[in-house]
file entry_3.pdb (PDB, C-alpha atoms)
ATOM      1  CA  MET U   1      97.095  83.973  35.248  1.00  0.00           C
ATOM      2  CA  ARG U   2      93.885  85.542  36.566  1.00  0.00           C
ATOM      3  CA  ASP U   3      93.845  83.102  39.486  1.00  0.00           C
ATOM      4  CA  VAL U   4      97.349  84.177  40.490  1.00  0.00           C
ATOM      5  CA  ARG U   5      96.283  87.834  40.411  1.00  0.00           C
ATOM      6  CA  LYS U   6      93.183  87.073  42.481  1.00  0.00           C
ATOM      7  CA  ILE U   7      95.254  85.216  45.049  1.00  0.00           C
ATOM      8  CA  ALA U   8      97.884  87.970  45.123  1.00  0.00           C
ATOM      9  CA  GLY U   9      95.159  90.598  45.520  1.00  0.00           C
ATOM     10  CA  GLY U  10      93.560  88.623  48.336  1.00  0.00           C
ATOM     11  CA  VAL U  11      96.887  88.217  50.116  1.00  0.00           C
ATOM     12  CA  ALA U  12      97.626  91.938  49.746  1.00  0.00           C
ATOM     13  CA  THR U  13      94.186  92.843  51.114  1.00  0.00           C
ATOM     14  CA  PHE U  14      94.626  90.479  54.049  1.00  0.00           C
ATOM     15  CA  ALA U  15      98.086  91.911  54.810  1.00  0.00           C
ATOM     16  CA  ALA U  16      96.745  95.467  54.708  1.00  0.00           C
ATOM     17  CA  CYS U  17      93.887  94.584  57.072  1.00  0.00           C
ATOM     18  CA  ALA U  18      96.277  92.833  59.450  1.00  0.00           C
ATOM     19  CA  ALA U  19      98.585  95.863  59.446  1.00  0.00           C
ATOM     20  CA  LEU U  20      95.675  98.203  60.210  1.00  0.00           C
ATOM     21  CA  LEU U  21      94.479  96.019  63.079  1.00  0.00           C
ATOM     22  CA  ALA U  22      97.994  95.823  64.503  1.00  0.00           C
ATOM     23  CA  ALA U  23      98.341  99.599  64.290  1.00  0.00           C
ATOM     24  CA  CYS U  24      95.033 100.114  66.083  1.00  0.00           C
ATOM     25  CA  SER U  25      95.915  97.794  68.948  1.00  0.00           C
ATOM     26  CA  SER U  26      99.401  99.244  69.343  1.00  0.00           C
ATOM     27  CA  ARG U  27      97.938 102.754  69.694  1.00  0.00           C
ATOM     28  CA  GLN U  28      95.652 101.534  72.428  1.00  0.00           C
ATOM     29  CA  VAL U  29      98.477 101.166  74.967  1.00  0.00           C
ATOM     30  CA  LYS U  30     101.189 103.820  74.845  1.00  0.00           C
ATOM     31  CA  LEU U  31     103.792 101.710  76.629  1.00  0.00           C
ATOM     32  CA  PRO U  32     106.475  99.513  75.104  1.00  0.00           C
ATOM     33  CA  ARG U  33     105.731  95.801  75.328  1.00  0.00           C
ATOM     34  CA  SER U  34     108.948  95.475  77.338  1.00  0.00           C
ATOM     35  CA  SER U  35     107.556  97.700  80.130  1.00  0.00           C
ATOM     36  CA  PRO U  36     106.864  95.917  83.433  1.00  0.00           C
ATOM     37  CA  TYR U  37     103.494  97.741  83.378  1.00  0.00           C
ATOM     38  CA  TYR U  38     102.445  96.664  79.867  1.00  0.00           C
ATOM     39  CA  HIS U  39     100.375  93.637  80.921  1.00  0.00           C
ATOM     40  CA  GLY U  40      98.453  95.703  83.487  1.00  0.00           C
ATOM     41  CA  ALA U  41      97.956  98.464  80.917  1.00  0.00           C
ATOM     42  CA  GLN U  42      96.552  96.003  78.395  1.00  0.00           C
ATOM     43  CA  LEU U  43      94.211  94.507  81.001  1.00  0.00           C
ATOM     44  CA  PHE U  44      93.052  98.007  82.012  1.00  0.00           C
ATOM     45  CA  ALA U  45      92.413  98.847  78.350  1.00  0.00           C
ATOM     46  CA  ASP U  46      90.475  95.609  77.847  1.00  0.00           C
ATOM     47  CA  HIS U  47      88.377  95.693  81.026  1.00  0.00           C
ATOM     48  CA  CYS U  48      88.223  99.275  82.345  1.00  0.00           C
ATOM     49  CA  ARG U  49      88.353 101.770  79.486  1.00  0.00           C
ATOM     50  CA  GLY U  50      84.586 101.821  78.994  1.00  0.00           C
ATOM     51  CA  CYS U  51      84.014 103.557  82.330  1.00  0.00           C
ATOM     52  CA  HIS U  52      87.362 105.166  83.205  1.00  0.00           C
ATOM     53  CA  THR U  53      89.619 107.735  81.559  1.00  0.00           C
ATOM     54  CA  LEU U  54      93.399 107.322  81.360  1.00  0.00           C
ATOM     55  CA  ASP U  55      95.411 108.770  78.488  1.00  0.00           C
ATOM     56  CA  ILE U  56      98.230 106.210  78.498  1.00  0.00           C
ATOM     57  CA  VAL U  57      95.773 103.546  77.316  1.00  0.00           C
ATOM     58  CA  ASN U  58      93.560 105.916  75.262  1.00  0.00           C
ATOM     59  CA  ALA U  59      90.665 105.312  77.651  1.00  0.00           C
ATOM     60  CA  GLN U  60      87.926 107.971  77.577  1.00  0.00           C
ATOM     61  CA  GLY U  61      85.175 106.481  79.737  1.00  0.00           C
ATOM     62  CA  SER U  62      84.675 109.284  82.272  1.00  0.00           C
ATOM     63  CA  ALA U  63      82.435 112.299  81.749  1.00  0.00           C
ATOM     64  CA  THR U  64      84.229 115.614  81.468  1.00  0.00           C
ATOM     65  CA  LYS U  65      81.245 117.714  82.586  1.00  0.00           C
ATOM     66  CA  VAL U  66      78.930 117.078  85.503  1.00  0.00           C
ATOM     67  CA  ARG U  67      75.875 117.582  83.271  1.00  0.00           C
ATOM     68  CA  ASP U  68      77.144 114.882  80.880  1.00  0.00           C
ATOM     69  CA  ARG U  69      77.732 112.249  83.551  1.00  0.00           C
ATOM     70  CA  GLU U  70      76.094 108.877  83.294  1.00  0.00           C
ATOM     71  CA  ARG U  71      75.745 106.337  86.048  1.00  0.00           C
ATOM     72  CA  THR U  72      78.503 104.198  84.535  1.00  0.00           C
ATOM     73  CA  ASN U  73      81.121 106.974  84.399  1.00  0.00           C
ATOM     74  CA  GLY U  74      83.990 106.002  86.646  1.00  0.00           C
ATOM     75  CA  PRO U  75      86.843 108.143  87.944  1.00  0.00           C
ATOM     76  CA  ASN U  76      89.165 109.957  85.573  1.00  0.00           C
ATOM     77  CA  PHE U  77      92.522 108.457  86.494  1.00  0.00           C
ATOM     78  CA  ASN U  78      94.446 111.187  84.690  1.00  0.00           C
ATOM     79  CA  VAL U  79      93.621 113.437  87.634  1.00  0.00           C
ATOM     80  CA  ARG U  80      92.857 110.949  90.409  1.00  0.00           C
ATOM     81  CA  LYS U  81      95.827 109.282  92.073  1.00  0.00           C
ATOM     82  CA  GLU U  82      95.345 105.825  93.598  1.00  0.00           C
ATOM     83  CA  GLN U  83      97.575 103.446  95.549  1.00  0.00           C
ATOM     84  CA  VAL U  84      97.855  99.681  95.016  1.00  0.00           C
ATOM     85  CA  SER U  85      95.827  98.846  98.148  1.00  0.00           C
ATOM     86  CA  GLN U  86      93.006 101.204  97.105  1.00  0.00           C
ATOM     87  CA  ILE U  87      92.922  99.779  93.596  1.00  0.00           C
ATOM     88  CA  LEU U  88      92.806  96.185  94.827  1.00  0.00           C
ATOM     89  CA  PHE U  89      89.982  97.128  97.219  1.00  0.00           C
ATOM     90  CA  ALA U  90      88.006  98.620  94.314  1.00  0.00           C
ATOM     91  CA  ILE U  91      88.673  95.621  92.050  1.00  0.00           C
ATOM     92  CA  ARG U  92      87.584  93.119  94.693  1.00  0.00           C
ATOM     93  CA  ASN U  93      84.533  95.063  95.889  1.00  0.00           C
ATOM     94  CA  GLY U  94      83.100  96.568  92.729  1.00  0.00           C
ATOM     95  CA  GLY U  95      84.574 100.031  93.125  1.00  0.00           C
ATOM     96  CA  PHE U  96      84.220 102.087  96.281  1.00  0.00           C
ATOM     97  CA  SER U  97      80.425 102.280  96.225  1.00  0.00           C
ATOM     98  CA  GLY U  98      79.750  98.759  94.974  1.00  0.00           C
ATOM     99  CA  ALA U  99      77.011 100.143  92.730  1.00  0.00           C
ATOM    100  CA  ILE U 100      78.244  99.773  89.150  1.00  0.00           C
ATOM    101  CA  MET U 101      81.702  98.262  88.745  1.00  0.00           C
ATOM    102  CA  PRO U 102      81.658  94.462  88.608  1.00  0.00           C
ATOM    103  CA  GLU U 103      83.379  92.794  91.552  1.00  0.00           C
ATOM    104  CA  ASN U 104      86.562  90.918  90.684  1.00  0.00           C
ATOM    105  CA  ILE U 105      86.622  92.214  87.116  1.00  0.00           C
ATOM    106  CA  VAL U 106      90.186  90.872  87.103  1.00  0.00           C
ATOM    107  CA  VAL U 107      91.590  88.493  89.708  1.00  0.00           C
ATOM    108  CA  GLY U 108      94.855  87.078  91.008  1.00  0.00           C
ATOM    109  CA  THR U 109      98.030  88.127  89.232  1.00  0.00           C
ATOM    110  CA  ASP U 110      95.977  90.065  86.668  1.00  0.00           C
ATOM    111  CA  ALA U 111      94.457  92.185  89.456  1.00  0.00           C
ATOM    112  CA  GLN U 112      97.951  92.787  90.853  1.00  0.00           C
ATOM    113  CA  ALA U 113      99.193  93.818  87.389  1.00  0.00           C
ATOM    114  CA  VAL U 114      96.327  96.295  86.937  1.00  0.00           C
ATOM    115  CA  ALA U 115      96.876  97.698  90.444  1.00  0.00           C
ATOM    116  CA  ARG U 116     100.622  98.208  89.902  1.00  0.00           C
ATOM    117  CA  PHE U 117     100.015  99.806  86.496  1.00  0.00           C
ATOM    118  CA  LEU U 118      97.289 102.142  87.750  1.00  0.00           C
ATOM    119  CA  ALA U 119      99.244 103.103  90.878  1.00  0.00           C
ATOM    120  CA  ARG U 120     102.163 104.069  88.634  1.00  0.00           C
ATOM    121  CA  TYR U 121     100.215 106.001  85.976  1.00  0.00           C
ATOM    122  CA  SER U 122      97.163 107.429  87.776  1.00  0.00           C
ATOM    123  CA  GLY U 123      97.127 111.071  88.801  1.00  0.00           C
ATOM    124  CA  LEU U 124      99.792 112.270  86.375  1.00  0.00           C
ATOM    125  CA  LYS U 125      97.637 115.297  85.510  1.00  0.00           C
ATOM    126  CA  ALA U 126      96.387 115.918  89.047  1.00  0.00           C
ATOM    127  CA  ALA U 127      96.478 119.460  90.374  1.00  0.00           C
ATOM    128  CA  SER U 128      99.281 120.009  92.843  1.00  0.00           C
ATOM    129  CA  THR U 129      98.507 120.512  96.506  1.00  0.00           C
ATOM    130  CA  SER U 130     100.399 122.952  98.697  1.00  0.00           C
ATOM    131  CA  GLY U 131     103.009 120.259  99.330  1.00  0.00           C
ATOM    132  CA  GLY U 132     103.649 119.813  95.614  1.00  0.00           C
ATOM    133  CA  ALA U 133     102.442 116.202  95.573  1.00  0.00           C
ATOM    134  CA  PRO U 134      99.665 115.043  93.241  1.00  0.00           C
ATOM    135  CA  ALA U 135      96.172 115.308  94.689  1.00  0.00           C
ATOM    136  CA  GLY U 136      94.871 112.162  96.342  1.00  0.00           C
ATOM    137  CA  PRO U 137      91.535 110.419  95.928  1.00  0.00           C
ATOM    138  CA  SER U 138      88.350 112.357  96.408  1.00  0.00           C
ATOM    139  CA  GLN U 139      86.954 112.748  99.900  1.00  0.00           C
ATOM    140  CA  GLY U 140      84.787 109.983 101.245  1.00  0.00           C
ATOM    141  CA  SER U 141      86.119 107.150  99.097  1.00  0.00           C
ATOM    142  CA  GLY U 142      86.224 104.784 102.069  1.00  0.00           C
ATOM    143  CA  ALA U 143      89.150 102.979 100.501  1.00  0.00           C
ATOM    144  CA  PRO U 144      91.847 101.452 102.664  1.00  0.00           C
ATOM    145  CA  GLY U 145      94.634 103.967 103.049  1.00  0.00           C
ATOM    146  CA  GLY U 146      92.419 106.760 101.709  1.00  0.00           C
ATOM    147  CA  PRO U 147      90.349 109.394 103.430  1.00  0.00           C
ATOM    148  CA  PRO U 148      87.351 108.151 105.423  1.00  0.00           C
TER     149      PRO U 148
END
call {"tool": "encode", "arguments": {"input": "entry_3.pdb", "output": "C-alpha cells"}}
result
Amino acid sequence: MRDVRKIAGGVATFAACAALLAACSSRQVKLPRSSPYYHGAQLFADHCRGCHTLDIVNAQGSATKVRDRERTNGPNFNVRKEQVSQILFAIRNGGFSGAIMPENIVVGTDAQAVARFLARYSGLKAASTSGGAPAGPSQGSGAPGGPP
C-alpha cells in the first residue's frame, strides 16, 4: 500500500510541476496559439528577449534609463516602430550597428515570421507625431526604408 501512495504522490508532484511549467510558458507569449503571429512571437521570446523589450512577449531586455544602459541593451520595441524590411536588415546584419546583435540570429522562414510579428506589434506605445501615426525608428538607423 505504501508503494501505491509513493507512486501516486510522485505522479501528483510531476503533474503539478508540468502544470506550472506550462503556465509559465503560456504567459511568455500573450497571443493565442492560433494567431498567425504566434510562431514569430515565440521565436522573438526565445532569441531576442534578453536584449529587447516588448510587452506582448514579456520581454524586458532594454534599459529604461540612460544611466542604467548596458552595451547589450537593444531597442525597446514597445515604443519603436519597425517595418518588415528594416527588421530583416537588422536580423541579417547584426542589428543596425553590427556591434552586438548576432547576425542571422534566425534565418529563412523563421526570420520572416519574426519580422512579420515585430512589424505588427512594435511601436504600439510610441508617442504620436503631429500626423497621428506612431513614431518611426530613431534618427540615423541606416536601415532600408528608414531615415538615413
call {"tool": "atom_distance", "arguments": {"input": "entry_3.pdb", "atom1": "atom CA of U:Asn73", "atom2": "atom CA of U:Gly50"}}
result
8.2 Å
call {"tool": "closest_residue", "arguments": {"input": "entry_3.pdb", "among": "U:Ala111, U:Ala126, U:Ala41, U:Ala119", "to": "U:Val57", "atoms": "only C-alpha atoms"}}
result
U:Ala41
call {"tool": "closest_residue", "arguments": {"input": "entry_3.pdb", "among": "U:Gln28, U:Leu118, U:Gly123, U:Gln42", "to": "U:Val84", "atoms": "only C-alpha atoms"}}
result
U:Leu118
call {"tool": "residues_around", "arguments": {"input": "entry_3.pdb", "residues": "U:Gly95", "least_positions_apart": "2", "cutoff": "12 Å", "atoms": "all atoms listed in the file", "output": "ChimeraX atom specification"}}
result
/U:48,51-52,72-75,86-93,97-105,141-143
call {"tool": "atom_distance", "arguments": {"input": "entry_3.pdb", "atom1": "atom CA of U:Gln60", "atom2": "atom CA of U:Ala45"}}
result
10.2 Å
call {"tool": "atom_distance", "arguments": {"input": "entry_3.pdb", "atom1": "atom CA of U:Phe44", "atom2": "atom CA of U:Thr109"}}
result
13.2 Å
call {"tool": "resolve_selection", "arguments": {"input": "entry_3.pdb", "expression": "the PyMOL selection byres ((chain U and resi 37) around 12)", "output": "NGL selection string"}}
result
:U and (29-36 or 38-44 or 56-57 or 110 or 112-121)
call {"tool": "axis_aligned_box", "arguments": {"input": "entry_3.pdb", "around": "stretch 99-117 of chain U", "padding_each_side": "6 Å", "output": "JSON"}}
result
{"center_x": 88.8, "center_y": 93.6, "center_z": 89.6, "size_x": 35.6, "size_y": 25.1, "size_z": 18.2}
call {"tool": "closest_residue", "arguments": {"input": "entry_3.pdb", "among": "U:Val106, U:Phe77, U:Ser85, U:Gly94", "to": "U:Ser122", "atoms": "only C-alpha atoms"}}
result
U:Phe77
